[in-house]
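Containing compact mmCIF, C-alpha atoms and all ligand atoms: entry_17.txt.
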```
# COMPACT_ATOMS: atom_id res chain seq x y z
CA MET A 21 0.46 -2.12 22.36
CA ALA A 22 -3.21 -2.42 21.65
CA ALA A 23 -3.99 -2.18 17.95
CA PRO A 24 -5.25 1.29 17.00
CA SER A 25 -8.65 -0.28 16.41
CA GLU A 26 -9.95 -3.81 16.49
CA ALA A 27 -8.15 -6.83 17.90
CA PRO A 28 -6.07 -8.81 15.38
CA GLU A 29 -7.99 -11.52 13.61
CA ARG A 30 -6.94 -15.12 13.54
CA ARG A 31 -4.99 -15.85 10.40
CA ARG A 32 -2.32 -18.13 9.15
CA PRO A 33 0.52 -15.65 8.89
CA PHE A 34 3.44 -16.80 6.84
CA GLY A 35 5.64 -15.06 9.35
CA ARG A 36 5.64 -17.34 12.32
CA ARG A 37 8.82 -16.42 14.16
CA PHE A 38 7.80 -15.10 17.54
CA LEU A 39 10.14 -13.42 20.00
CA THR A 40 9.35 -15.24 23.23
CA ASP A 41 12.84 -14.94 24.72
CA PRO A 42 14.18 -11.34 24.55
CA THR A 43 17.77 -12.57 24.84
CA ARG A 44 17.39 -14.06 21.35
CA LEU A 45 16.51 -10.66 19.79
CA PHE A 46 19.60 -10.41 17.59
CA GLN A 47 19.57 -14.05 16.50
CA HIS A 48 17.26 -13.37 13.52
CA ASN A 49 16.59 -10.55 11.04
CA ALA A 50 12.89 -10.23 11.86
CA TRP A 51 10.24 -11.23 14.40
CA ASP A 52 6.51 -11.51 13.69
CA ASN A 53 3.42 -10.23 15.47
CA VAL A 54 5.39 -8.32 18.09
CA GLU A 55 3.49 -6.86 21.02
CA TRP A 56 4.06 -3.17 21.77
CA SER A 57 4.27 -2.06 25.40
CA GLU A 58 2.14 0.88 26.57
CA GLU A 59 5.34 2.86 27.00
CA GLN A 60 6.38 2.18 23.42
CA GLU A 61 2.98 3.27 22.13
CA ALA A 62 3.14 6.47 24.20
CA THR A 63 6.60 7.23 22.80
CA ALA A 64 5.34 6.66 19.24
CA LYS A 65 2.36 8.93 19.83
CA SER A 66 4.56 11.65 21.22
CA LYS A 67 6.94 11.44 18.23
CA VAL A 68 3.98 11.85 15.90
CA GLN A 69 2.65 14.80 17.92
CA GLU A 70 6.05 16.37 17.64
CA ASN A 71 6.58 15.80 13.92
CA SER A 72 3.06 16.96 13.05
CA SER A 73 3.19 20.07 15.19
CA GLN A 74 4.05 22.25 12.22
CA LEU A 75 2.17 21.86 8.94
CA LEU A 76 3.52 22.78 5.55
CA PRO A 77 2.00 26.05 4.25
CA GLN A 78 -1.03 25.69 1.98
CA ASP A 79 0.74 26.81 -1.20
CA LYS A 80 3.43 24.13 -0.72
CA GLN A 81 0.73 21.53 -0.04
CA GLU A 82 -1.00 22.43 -3.30
CA GLU A 83 2.27 22.23 -5.16
CA TYR A 84 2.76 18.63 -3.98
CA GLU A 85 -0.77 17.70 -5.06
CA VAL A 86 -0.58 19.37 -8.47
CA ASN A 87 2.84 17.89 -9.23
CA ALA A 88 2.30 14.47 -7.62
CA LYS A 89 2.72 12.64 -10.92
CA ARG A 90 5.98 14.45 -11.69
CA TYR A 91 7.48 13.49 -8.30
CA TRP A 92 6.66 9.82 -8.91
CA ASP A 93 8.00 10.06 -12.48
CA ASP A 94 11.26 11.40 -11.04
CA PHE A 95 11.29 8.57 -8.50
CA TYR A 96 11.04 5.93 -11.25
CA LYS A 97 13.62 7.72 -13.43
CA ILE A 98 16.09 7.38 -10.56
CA HIS A 99 15.22 3.92 -9.25
CA GLU A 100 13.83 2.32 -12.43
CA ASN A 101 12.71 -1.15 -11.46
CA GLY A 102 15.48 -1.82 -8.95
CA PHE A 103 13.81 -0.55 -5.85
CA PHE A 104 10.77 -2.58 -4.83
CA LYS A 105 11.43 -6.26 -4.45
CA ASP A 106 9.33 -8.74 -6.41
CA ARG A 107 6.83 -10.04 -3.94
CA HIS A 108 6.25 -13.73 -4.13
CA TRP A 109 4.84 -13.54 -0.56
CA LEU A 110 1.80 -12.06 -2.21
CA PHE A 111 0.42 -15.51 -2.91
CA THR A 112 0.63 -16.60 0.70
CA GLU A 113 -1.14 -13.50 1.91
CA PHE A 114 -3.43 -13.12 -1.09
CA PRO A 115 -4.10 -16.60 -2.55
CA GLU A 116 -6.90 -14.97 -4.60
CA LEU A 117 -4.19 -13.77 -7.00
CA ALA A 118 -3.44 -17.33 -8.08
CA PRO A 119 -6.28 -19.56 -6.87
CA ASN A 120 -4.88 -22.67 -8.58
CA ARG A 121 -1.36 -22.30 -7.27
CA ASN A 122 0.34 -25.02 -5.29
CA PRO A 123 0.87 -23.39 -1.85
CA SER A 124 4.46 -24.64 -1.58
CA GLN A 125 5.48 -22.55 -4.63
CA ASN A 126 7.53 -19.37 -4.23
CA GLU A 127 7.31 -18.90 -0.47
CA ASP A 128 9.32 -15.83 0.37
CA SER A 129 9.97 -13.58 3.28
CA LEU A 130 7.77 -10.56 3.76
CA CYS A 131 9.98 -7.76 2.65
CA GLU A 132 8.71 -4.71 0.89
CA PHE A 133 12.16 -3.56 -0.12
CA SER A 134 14.69 -5.10 -2.40
CA CYS A 135 17.36 -6.82 -0.35
CA LYS A 136 19.90 -4.55 -1.97
CA GLU A 137 18.10 -1.47 -0.69
CA VAL A 138 17.63 -2.85 2.79
CA SER A 139 21.26 -3.65 3.27
CA LYS A 140 22.28 -0.33 1.77
CA ASN A 141 19.95 1.50 4.10
CA GLU A 142 20.38 -0.54 7.22
CA GLY A 143 22.04 1.35 9.97
CA LEU A 144 21.52 4.74 8.40
CA GLY A 145 18.57 4.69 10.70
CA SER A 146 16.42 6.57 8.31
CA CYS A 147 15.43 5.05 5.00
CA GLU A 148 12.06 3.85 3.91
CA ASN A 149 11.32 3.07 0.28
CA GLY A 150 14.44 5.04 -0.56
CA HIS A 151 12.84 8.09 0.94
CA CYS A 152 15.32 9.10 3.60
CA THR A 153 14.45 11.04 6.67
CA LEU A 154 16.44 11.46 9.86
CA GLU A 155 14.94 10.26 13.08
CA ASN A 156 13.31 13.15 14.82
CA ARG A 157 14.37 13.50 18.41
CA ALA A 158 12.96 16.94 19.20
CA GLU A 159 11.42 17.20 22.64
CA ASN A 160 8.39 19.46 22.35
CA GLN A 161 4.97 17.88 22.38
CA LEU A 162 2.29 19.88 20.67
CA ASN A 163 -1.20 19.13 19.46
CA LEU A 164 -1.89 16.07 17.39
CA LEU A 165 -3.84 17.17 14.39
CA LYS A 166 -7.39 16.05 14.05
CA SER A 167 -8.21 13.99 10.99
CA SER A 168 -9.84 16.00 8.26
CA PRO A 169 -13.25 14.62 7.23
CA ARG A 170 -13.27 12.55 4.08
CA PHE A 171 -15.80 13.64 1.55
CA CYS A 172 -16.76 12.58 -1.87
CA THR A 173 -19.14 14.37 -4.13
CA GLU A 174 -19.40 11.46 -6.54
CA GLU A 175 -22.51 9.26 -6.57
CA LEU A 176 -21.95 5.77 -5.23
CA ALA A 177 -24.81 4.34 -7.29
CA PRO A 178 -23.79 2.48 -10.46
CA GLN A 179 -23.24 4.83 -13.35
CA LYS A 180 -26.14 4.87 -15.74
CA LEU A 181 -24.26 6.42 -18.60
CA LYS A 182 -21.60 3.91 -19.46
CA GLN A 183 -19.35 3.94 -22.44
CA SER A 184 -19.90 0.89 -24.56
CA TYR A 185 -17.43 -1.90 -24.02
CA GLU A 186 -17.65 -4.77 -26.45
CA ASP A 187 -14.15 -5.77 -27.31
CA TYR A 188 -11.90 -4.36 -24.63
CA PRO A 189 -8.46 -5.75 -23.67
CA GLY A 190 -9.05 -8.94 -21.70
CA SER A 191 -12.75 -9.11 -22.67
CA SER A 192 -12.58 -12.85 -23.33
CA ALA A 193 -10.81 -13.65 -20.04
CA SER A 194 -12.56 -15.51 -17.25
CA TYR A 195 -10.49 -14.13 -14.34
CA ARG A 196 -9.49 -10.46 -14.38
CA ILE A 197 -7.13 -8.76 -11.95
CA LEU A 198 -6.34 -5.04 -11.86
CA GLU A 199 -3.37 -3.68 -9.99
CA VAL A 200 -3.60 0.05 -9.36
CA GLY A 201 -0.46 2.09 -8.72
CA CYS A 202 1.57 -0.75 -10.17
CA GLY A 203 4.90 1.10 -10.23
CA ALA A 204 7.53 -0.87 -12.13
CA GLY A 205 5.50 -4.10 -12.05
CA ASN A 206 6.84 -5.85 -8.97
CA THR A 207 3.41 -7.31 -8.26
CA VAL A 208 2.18 -7.79 -11.82
CA PHE A 209 5.07 -9.91 -13.05
CA PRO A 210 4.97 -12.35 -10.11
CA ILE A 211 1.21 -12.75 -10.77
CA LEU A 212 1.83 -13.51 -14.46
CA GLN A 213 4.60 -15.97 -13.55
CA THR A 214 2.65 -17.73 -10.81
CA ASN A 215 -0.93 -17.81 -12.06
CA ASN A 216 -1.01 -20.11 -15.10
CA ASP A 217 -4.77 -20.06 -15.55
CA PRO A 218 -5.30 -19.65 -19.34
CA GLY A 219 -8.38 -17.53 -18.53
CA LEU A 220 -6.30 -14.99 -16.54
CA PHE A 221 -5.90 -11.39 -17.70
CA VAL A 222 -3.98 -8.82 -15.64
CA TYR A 223 -4.44 -5.06 -15.98
CA CYS A 224 -2.14 -2.63 -14.29
CA CYS A 225 -2.05 1.12 -14.15
CA ASP A 226 -0.15 4.00 -12.64
CA PHE A 227 -0.29 7.74 -13.18
CA SER A 228 3.47 7.77 -13.69
CA THR A 229 4.15 7.33 -17.40
CA THR A 230 7.73 6.42 -16.50
CA ALA A 231 6.46 3.54 -14.36
CA VAL A 232 4.07 2.31 -17.07
CA ASP A 233 6.90 2.50 -19.64
CA LEU A 234 9.04 0.33 -17.36
CA VAL A 235 6.26 -2.28 -17.18
CA GLN A 236 5.63 -2.24 -20.93
CA SER A 237 9.32 -2.53 -21.77
CA ASN A 238 9.93 -5.42 -19.38
CA VAL A 239 10.83 -8.61 -21.29
CA GLU A 240 8.14 -10.44 -19.35
CA TYR A 241 5.40 -8.09 -20.55
CA ASP A 242 3.02 -10.19 -22.66
CA SER A 243 0.21 -8.20 -24.24
CA SER A 244 -1.89 -11.33 -24.71
CA ARG A 245 -2.10 -11.70 -20.89
CA CYS A 246 -1.56 -8.19 -19.61
CA PHE A 247 -2.50 -4.57 -20.31
CA ALA A 248 -0.59 -1.70 -18.70
CA PHE A 249 -2.06 1.79 -18.98
CA VAL A 250 -1.61 5.27 -17.58
CA HIS A 251 -4.41 6.23 -15.21
CA ASP A 252 -4.72 8.88 -12.52
CA LEU A 253 -6.93 7.51 -9.76
CA CYS A 254 -7.78 11.03 -8.65
CA ASN A 255 -8.94 12.22 -12.05
CA ASP A 256 -12.64 11.55 -12.60
CA GLN A 257 -12.25 12.17 -16.33
CA SER A 258 -9.69 9.39 -16.68
CA PRO A 259 -11.58 6.30 -17.99
CA PHE A 260 -10.74 2.65 -17.31
CA PRO A 261 -10.32 0.32 -20.28
CA MET A 262 -12.74 -2.23 -18.81
CA PRO A 263 -16.46 -1.91 -17.94
CA ASP A 264 -17.98 -1.76 -14.46
CA GLU A 265 -18.51 -5.11 -12.72
CA SER A 266 -15.88 -6.85 -14.85
CA LEU A 267 -13.06 -7.48 -12.35
CA ASP A 268 -12.52 -10.36 -9.96
CA ILE A 269 -9.71 -8.68 -8.02
CA VAL A 270 -8.37 -5.15 -7.55
CA ILE A 271 -5.07 -4.95 -5.71
CA LEU A 272 -3.48 -1.93 -4.04
CA ILE A 273 0.00 -2.34 -2.59
CA PHE A 274 1.29 0.76 -0.75
CA VAL A 275 -0.75 2.95 -3.11
CA LEU A 276 -3.75 4.36 -1.25
CA SER A 277 -1.29 5.94 1.21
CA ALA A 278 0.12 8.02 -1.65
CA ILE A 279 -3.25 9.69 -2.32
CA LEU A 280 -4.52 12.91 -0.73
CA PRO A 281 -6.72 11.69 2.19
CA GLU A 282 -9.73 13.75 1.01
CA LYS A 283 -9.69 11.90 -2.29
CA MET A 284 -9.37 8.36 -0.94
CA GLN A 285 -13.10 7.68 -0.67
CA CYS A 286 -13.74 8.58 -4.32
CA VAL A 287 -10.90 6.31 -5.37
CA ILE A 288 -12.28 3.34 -3.42
CA ASN A 289 -15.82 4.02 -4.72
CA LYS A 290 -14.53 4.04 -8.28
CA LEU A 291 -12.60 0.80 -7.82
CA SER A 292 -15.52 -0.86 -6.09
CA ARG A 293 -17.72 -0.20 -9.14
CA LEU A 294 -15.28 -2.13 -11.32
CA LEU A 295 -15.67 -5.29 -9.22
CA LYS A 296 -17.98 -8.12 -10.22
CA PRO A 297 -20.41 -9.10 -7.46
CA GLY A 298 -18.28 -11.36 -5.26
CA GLY A 299 -15.08 -9.64 -6.44
CA MET A 300 -12.55 -8.34 -3.91
CA ILE A 301 -10.23 -5.44 -3.21
CA LEU A 302 -6.93 -6.53 -1.64
CA LEU A 303 -4.77 -3.95 0.10
CA ARG A 304 -1.51 -3.81 1.98
CA ASP A 305 -0.34 -0.42 3.24
CA TYR A 306 1.34 1.55 6.00
CA GLY A 307 -0.11 1.40 9.51
CA ARG A 308 -0.21 4.13 12.15
CA TYR A 309 3.09 4.52 14.04
CA ASP A 310 5.11 2.55 11.51
CA LEU A 311 8.83 3.33 11.80
CA ALA A 312 8.58 5.41 8.63
CA GLN A 313 6.03 7.72 10.29
CA LEU A 314 8.08 8.16 13.44
CA ARG A 315 11.14 9.15 11.44
CA PHE A 316 9.59 12.13 9.71
CA LYS A 317 10.96 15.47 10.81
CA LYS A 318 8.97 18.49 11.85
CA GLY A 319 8.13 20.42 8.68
CA GLN A 320 7.27 17.37 6.57
CA CYS A 321 3.68 16.97 7.76
CA LEU A 322 0.88 17.95 5.39
CA SER A 323 -2.10 17.00 7.56
CA ALA A 324 -2.79 14.45 10.30
CA ASN A 325 -0.73 11.33 9.56
CA PHE A 326 0.06 12.51 6.01
CA TYR A 327 3.64 13.50 5.17
CA VAL A 328 5.85 14.48 2.28
CA ARG A 329 9.17 12.72 1.78
CA GLY A 330 12.37 14.45 0.74
CA ASP A 331 11.72 13.52 -2.91
CA GLY A 332 8.23 15.08 -3.00
CA THR A 333 6.24 11.82 -2.82
CA ARG A 334 3.66 11.61 -0.04
CA VAL A 335 2.52 8.95 2.40
CA TYR A 336 -0.38 8.41 4.82
CA PHE A 337 -0.38 6.06 7.84
CA PHE A 338 -3.71 4.26 8.36
CA THR A 339 -5.58 2.72 11.24
CA GLN A 340 -7.67 -0.38 10.65
CA ASP A 341 -10.85 1.59 11.39
CA GLU A 342 -10.08 4.22 8.77
CA LEU A 343 -9.65 1.57 6.10
CA ASP A 344 -12.78 -0.26 7.26
CA ASP A 345 -14.69 3.00 6.91
CA LEU A 346 -13.41 3.65 3.39
CA PHE A 347 -14.30 0.17 2.15
CA THR A 348 -17.66 -0.23 3.85
CA ARG A 349 -18.79 3.22 2.67
CA ALA A 350 -18.06 1.97 -0.84
CA GLY A 351 -20.52 -0.89 -0.26
CA LEU A 352 -17.92 -3.60 0.38
CA GLN A 353 -17.91 -6.21 3.12
CA LYS A 354 -14.97 -7.09 5.34
CA ILE A 355 -13.26 -10.42 4.77
CA GLN A 356 -9.99 -9.45 6.47
CA ASN A 357 -8.60 -6.33 8.17
CA LEU A 358 -5.49 -7.03 10.19
CA VAL A 359 -2.46 -5.26 11.50
CA ASP A 360 0.94 -6.81 10.91
CA ARG A 361 3.53 -5.68 13.46
CA ARG A 362 7.01 -6.80 12.62
CA LEU A 363 10.29 -6.19 14.39
CA GLN A 364 13.14 -5.96 11.91
CA VAL A 365 16.63 -6.31 13.31
CA ASN A 366 19.97 -5.06 12.02
CA ARG A 367 22.20 -7.59 13.63
CA GLY A 368 25.41 -5.87 12.51
CA LYS A 369 24.45 -2.55 14.09
CA GLN A 370 22.34 -4.07 16.90
CA MET A 371 19.39 -1.90 15.81
CA THR A 372 15.68 -2.62 16.05
CA MET A 373 13.02 -1.30 13.66
CA TYR A 374 9.33 -1.64 14.40
CA ARG A 375 7.20 -1.86 11.25
CA VAL A 376 3.41 -1.62 11.16
CA TRP A 377 1.47 -2.65 8.07
CA ILE A 378 -2.25 -3.15 7.51
CA GLN A 379 -3.68 -5.81 5.26
CA CYS A 380 -7.28 -5.86 4.07
CA LYS A 381 -9.62 -7.88 1.88
CA TYR A 382 -13.06 -6.42 1.18
CA GLN A 383 -15.67 -8.06 -1.01
CA LYS A 384 -18.51 -6.76 -3.15
CA PRO A 385 -21.70 -8.49 -2.03
CA ALA A 386 -22.81 -11.20 -4.43
CA GLY A 387 -26.46 -10.14 -4.34
CA PRO A 388 -28.00 -7.34 -6.40
CA GLN A 389 -26.84 -3.87 -5.36
CA LEU A 390 -29.39 -1.18 -4.54
C1 LIG A 401 4.84 3.30 -2.95
S1 LIG A 401 4.56 3.13 -4.66
C2 LIG A 401 4.02 1.46 -4.77
C3 LIG A 401 4.22 0.88 -6.14
C4 LIG A 401 3.77 -0.56 -6.32
N1 LIG A 401 2.40 -0.79 -5.93
C5 LIG A 401 4.68 -1.47 -5.56
O1 LIG A 401 4.25 -1.95 -4.53
O2 LIG A 401 5.80 -1.68 -5.99
C6 LIG A 401 3.06 4.06 -4.94
C7 LIG A 401 2.61 4.07 -6.39
O3 LIG A 401 1.36 4.73 -6.50
C8 LIG A 401 1.35 5.49 -7.68
N2 LIG A 401 0.35 6.56 -7.54
C9 LIG A 401 0.33 7.55 -6.62
N3 LIG A 401 -0.73 8.34 -6.81
C10 LIG A 401 -1.43 7.85 -7.88
C11 LIG A 401 -2.61 8.24 -8.57
N4 LIG A 401 -3.30 9.33 -8.21
N5 LIG A 401 -3.02 7.48 -9.61
C12 LIG A 401 -2.32 6.38 -9.99
N6 LIG A 401 -1.19 5.97 -9.39
C13 LIG A 401 -0.74 6.69 -8.34
C14 LIG A 401 2.79 6.00 -7.78
O4 LIG A 401 3.15 6.41 -9.08
C15 LIG A 401 3.57 4.79 -7.31
O5 LIG A 401 3.89 3.94 -8.39
```
What is this structure when it is put down as structure tokens?
Amino acid sequence: MAAPSEAPERRRPFGRRFLTDPTRLFQHNAWDNVEWSEEQEATAKSKVQENSSQLLPQDKQEEYEVNAKRYWDDFYKIHENGFFKDRHWLFTEFPELAPNRNPSQNEDSLCEFSCKEVSKNEGLGSCENGHCTLENRAENQLNLLKSSPRFCTEELAPQKLKQSYEDYPGSSASYRILEVGCGAGNTVFPILQTNNDPGLFVYCCDFSTTAVDLVQSNVEYDSSRCFAFVHDLCNDQSPFPMPDESLDIVILIFVLSAILPEKMQCVINKLSRLLKPGGMILLRDYGRYDLAQLRFKKGQCLSANFYVRGDGTRVYFFTQDELDDLFTRAGLQKIQNLVDRRLQVNRGKQMTMYRVWIQCKYQKPAGPQL
């Protein structure tokens, strides 16, 4: 199918297994850069129309927003750090996380789940990040909801009133990375293991205190190289421990999708201010019509392309254009914005699962900002 927005850019994907002969479909666990037929796209669209035809009442919606932190705390109490797989593929896709790394190190398959979870869930036909939904096969097609406008009351201009930062954690580092929505640390610890630059300092934050506790209590947590802190991206009163324009990299892995769409622009603006000129935001997140979106049932939709899972956590499914809009409005310039369509195969059950992820890199211009 045609990408929801721009054509895919040329890249060196680490997934290079292409399904050219359909009879070989069940010979591998996954195929890269799969083309969708028009019919498949129409079916996906109709499933989304169906599962978004009935929105959750406003009071329930507010309850999920007010208690968002508690739902994620509960998630980490149940799964601890066993759910998301450590992602050594990060360095192939995002070499900026370890610029001095030897490219042959730690190559790994692109898998956002732990292998244990995938095999446990395979064939149930319905699990995504441990958030199970049954495939919705209802027939009615109703109106697809229109996207609500994104607004942000916050000024984009650099803040004039800054708190003074002289000796903050990582102040003497020469290369600073911040991971937001770090969960149990499945991105942070691979970065610390792989990037041996003595000038590296890694910050990570999450609004779930349970998640931050898991990071801090990990045996690999080294406070001379890393600082984990509780931070709610949607709370304007919640300060960062580092000054504006101090970070080389901000990374968001499946995090922006967990935020109320109306608040996304403020979050990206805030993160953009933390970047040094020339610094970059790296993102990987769910794309429109990903399997996980198609499997939501009627009654789980909060607003267009935004759903609540059975455990109370929420997820949005992006197009490339929406992400481009969010980043460019925050004053950043596109380095990469691509859609990654992968066909995962359960050979045992002869099942196919079409995944759609979006990957972006946006850079703060090096010149002076107006
Ligand atoms: C799908 S998980 C991804 C976790 C981690 N990035 C990973 O890939 O393993 C989404 C994460 O975003 C965090 N999160 C959601 N809303 C947040 C907010 N407003 N502020 C900070 N973190 C938030 C959740 O607690 C959760 O850890």
Around ligand LIG 401 (chain A), out to 6 Å and counting only C-alpha atoms and all ligand atoms, which residues are there? I want them as JSON, numbers by chain.
{"A": [92, 104, 201, 202, 203, 206, 226, 227, 228, 251, 252, 253, 254, 273, 274, 275, 278, 279]}
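Using all atoms listed in the file, the residues found no farther than 7 Å from A:Ile301, other than those of its own chain fewer than 4 positions away, are Ile269, Val270, Ile271, Lys381, Tyr382 and Gln383 of chain A.
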Considering all atoms listed in the file, return as a ChimeraX atom specification whatever protein or nucleic-acid residues lie within 8 Å of A:Leu311, sequence-local ones (same chain, fewer than 5 positions apart) excluded.
/A:373-376
Selection near stretch 49-59 of chain A, 7 Å with all atoms listed in the file, sequence-local residues under 2 positions removed, as a PDB file with C-alpha atoms, in the frame of the given file:
```pdb
ATOM      1  CA  MET A  21       0.460  -2.120  22.360  1.00  0.00           C
ATOM      2  CA  GLY A  35       5.640 -15.060   9.350  1.00  0.00           C
ATOM      3  CA  ARG A  36       5.640 -17.340  12.320  1.00  0.00           C
ATOM      4  CA  ARG A  37       8.820 -16.420  14.160  1.00  0.00           C
ATOM      5  CA  PHE A  38       7.800 -15.100  17.540  1.00  0.00           C
ATOM      6  CA  LEU A  39      10.140 -13.420  20.000  1.00  0.00           C
ATOM      7  CA  GLU A  61       2.980   3.270  22.130  1.00  0.00           C
ATOM      8  CA  ALA A  62       3.140   6.470  24.200  1.00  0.00           C
ATOM      9  CA  THR A  63       6.600   7.230  22.800  1.00  0.00           C
ATOM     10  CA  ASP A 360       0.940  -6.810  10.910  1.00  0.00           C
ATOM     11  CA  ARG A 361       3.530  -5.680  13.460  1.00  0.00           C
ATOM     12  CA  ARG A 362       7.010  -6.800  12.620  1.00  0.00           C
ATOM     13  CA  LEU A 363      10.290  -6.190  14.390  1.00  0.00           C
ATOM     14  CA  GLN A 364      13.140  -5.960  11.910  1.00  0.00           C
ATOM     15  CA  VAL A 365      16.630  -6.310  13.310  1.00  0.00           C
ATOM     16  CA  ASN A 366      19.970  -5.060  12.020  1.00  0.00           C
ATOM     17  CA  ARG A 367      22.200  -7.590  13.630  1.00  0.00           C
TER      18      ARG A 367
END
```
Between atom CA of A:Thr230 and atom CA of A:Asp93, what distance in Å does the model show, to one decimal?
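Atom-to-atom, atom CA of A:Thr230 to atom CA of A:Asp93, that is 5.4 Å.
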So, counting only C-alpha atoms, which residue among A:Arg196, A:Lys89, A:Arg107, A:Lys384 is closest to A:Ser292?
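When distances to A:Ser292 are compared using only C-alpha atoms, the smallest one comes from A:Lys384.
A straight line drawn from atom CA of A:Lys354 to atom CA of A:Tyr195 is 21.4 Å long.
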Top pick for closest residue to A:Gly307, considering A:Gln320, A:Gln379, A:Thr372, A:Ser72 and counting all atoms listed in the file
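With all atoms listed in the file as the atom set, the closest residue is A:Gln379.
You can rank A:Asp305, A:Asp217, A:Glu186, A:Asp79 by their closest distance to A:Ser266 using all atoms listed in the file, and at the top of that list sits A:Glu186.
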Mind checking which residues fall within 12 Å of A:Asn216, counting only C-alpha atoms, ignoring those fewer than 3 positions away in the same chain, and posting them as a list in words?
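Residues meeting the cut-off are Leu117, Ala118, Pro119, Asn120, Arg121, Asn122, Tyr195, Pro210, Ile211, Leu212, Gln213, Gly219, Leu220, Phe221, Val222 and Arg245 of chain A.
We find atom CA of A:Leu76 and atom CA of A:Tyr96 to be spaced 25.0 Å apart.
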Would you fill out stretch 318-330 of chain A with N, CA, C and O atoms and return it as a PDB file, in the coordinates of the input?
```pdb
ATOM      1  N   LYS A 318       9.897  17.361  11.810  1.00  0.00           N
ATOM      2  CA  LYS A 318       8.970  18.490  11.850  1.00  0.00           C
ATOM      3  C   LYS A 318       9.160  19.276  10.548  1.00  0.00           C
ATOM      4  O   LYS A 318      10.291  19.461  10.091  1.00  0.00           O
ATOM      5  N   GLY A 319       8.023  19.678   9.938  1.00  0.00           N
ATOM      6  CA  GLY A 319       8.130  20.420   8.680  1.00  0.00           C
ATOM      7  C   GLY A 319       7.823  19.544   7.467  1.00  0.00           C
ATOM      8  O   GLY A 319       7.791  20.030   6.343  1.00  0.00           O
ATOM      9  N   GLN A 320       7.594  18.255   7.699  1.00  0.00           N
ATOM     10  CA  GLN A 320       7.270  17.370   6.570  1.00  0.00           C
ATOM     11  C   GLN A 320       5.806  16.926   6.613  1.00  0.00           C
ATOM     12  O   GLN A 320       5.376  16.146   5.773  1.00  0.00           O
ATOM     13  N   CYS A 321       5.072  17.419   7.607  1.00  0.00           N
ATOM     14  CA  CYS A 321       3.680  16.970   7.760  1.00  0.00           C
ATOM     15  C   CYS A 321       2.740  17.877   6.958  1.00  0.00           C
ATOM     16  O   CYS A 321       2.843  19.100   7.007  1.00  0.00           O
ATOM     17  N   LEU A 322       1.840  17.217   6.215  1.00  0.00           N
ATOM     18  CA  LEU A 322       0.880  17.950   5.390  1.00  0.00           C
ATOM     19  C   LEU A 322      -0.460  18.085   6.112  1.00  0.00           C
ATOM     20  O   LEU A 322      -1.099  19.126   6.082  1.00  0.00           O
ATOM     21  N   SER A 323      -0.897  16.994   6.724  1.00  0.00           N
ATOM     22  CA  SER A 323      -2.100  17.000   7.560  1.00  0.00           C
ATOM     23  C   SER A 323      -1.970  15.768   8.458  1.00  0.00           C
ATOM     24  O   SER A 323      -0.991  15.029   8.336  1.00  0.00           O
ATOM     25  N   ALA A 324      -2.946  15.536   9.327  1.00  0.00           N
ATOM     26  CA  ALA A 324      -2.790  14.450  10.300  1.00  0.00           C
ATOM     27  C   ALA A 324      -2.384  13.143   9.624  1.00  0.00           C
ATOM     28  O   ALA A 324      -3.094  12.659   8.738  1.00  0.00           O
ATOM     29  N   ASN A 325      -1.246  12.629  10.026  1.00  0.00           N
ATOM     30  CA  ASN A 325      -0.730  11.330   9.560  1.00  0.00           C
ATOM     31  C   ASN A 325      -0.395  11.275   8.069  1.00  0.00           C
ATOM     32  O   ASN A 325      -0.255  10.190   7.507  1.00  0.00           O
ATOM     33  N   PHE A 326      -0.257  12.414   7.444  1.00  0.00           N
ATOM     34  CA  PHE A 326       0.060  12.510   6.010  1.00  0.00           C
ATOM     35  C   PHE A 326       1.305  13.386   5.868  1.00  0.00           C
ATOM     36  O   PHE A 326       1.326  14.519   6.361  1.00  0.00           O
ATOM     37  N   TYR A 327       2.330  12.847   5.204  1.00  0.00           N
ATOM     38  CA  TYR A 327       3.640  13.500   5.170  1.00  0.00           C
ATOM     39  C   TYR A 327       4.194  13.550   3.748  1.00  0.00           C
ATOM     40  O   TYR A 327       3.815  12.751   2.895  1.00  0.00           O
ATOM     41  N   VAL A 328       5.150  14.460   3.550  1.00  0.00           N
ATOM     42  CA  VAL A 328       5.850  14.480   2.280  1.00  0.00           C
ATOM     43  C   VAL A 328       7.311  14.068   2.527  1.00  0.00           C
ATOM     44  O   VAL A 328       7.945  14.509   3.479  1.00  0.00           O
ATOM     45  N   ARG A 329       7.777  13.179   1.660  1.00  0.00           N
ATOM     46  CA  ARG A 329       9.170  12.720   1.780  1.00  0.00           C
ATOM     47  C   ARG A 329      10.099  13.746   1.114  1.00  0.00           C
ATOM     48  O   ARG A 329       9.638  14.642   0.393  1.00  0.00           O
ATOM     49  N   GLY A 330      11.377  13.539   1.297  1.00  0.00           N
ATOM     50  CA  GLY A 330      12.370  14.450   0.740  1.00  0.00           C
ATOM     51  C   GLY A 330      12.287  14.546  -0.780  1.00  0.00           C
ATOM     52  O   GLY A 330      12.657  15.565  -1.373  1.00  0.00           O
TER      53      GLY A 330
END
```
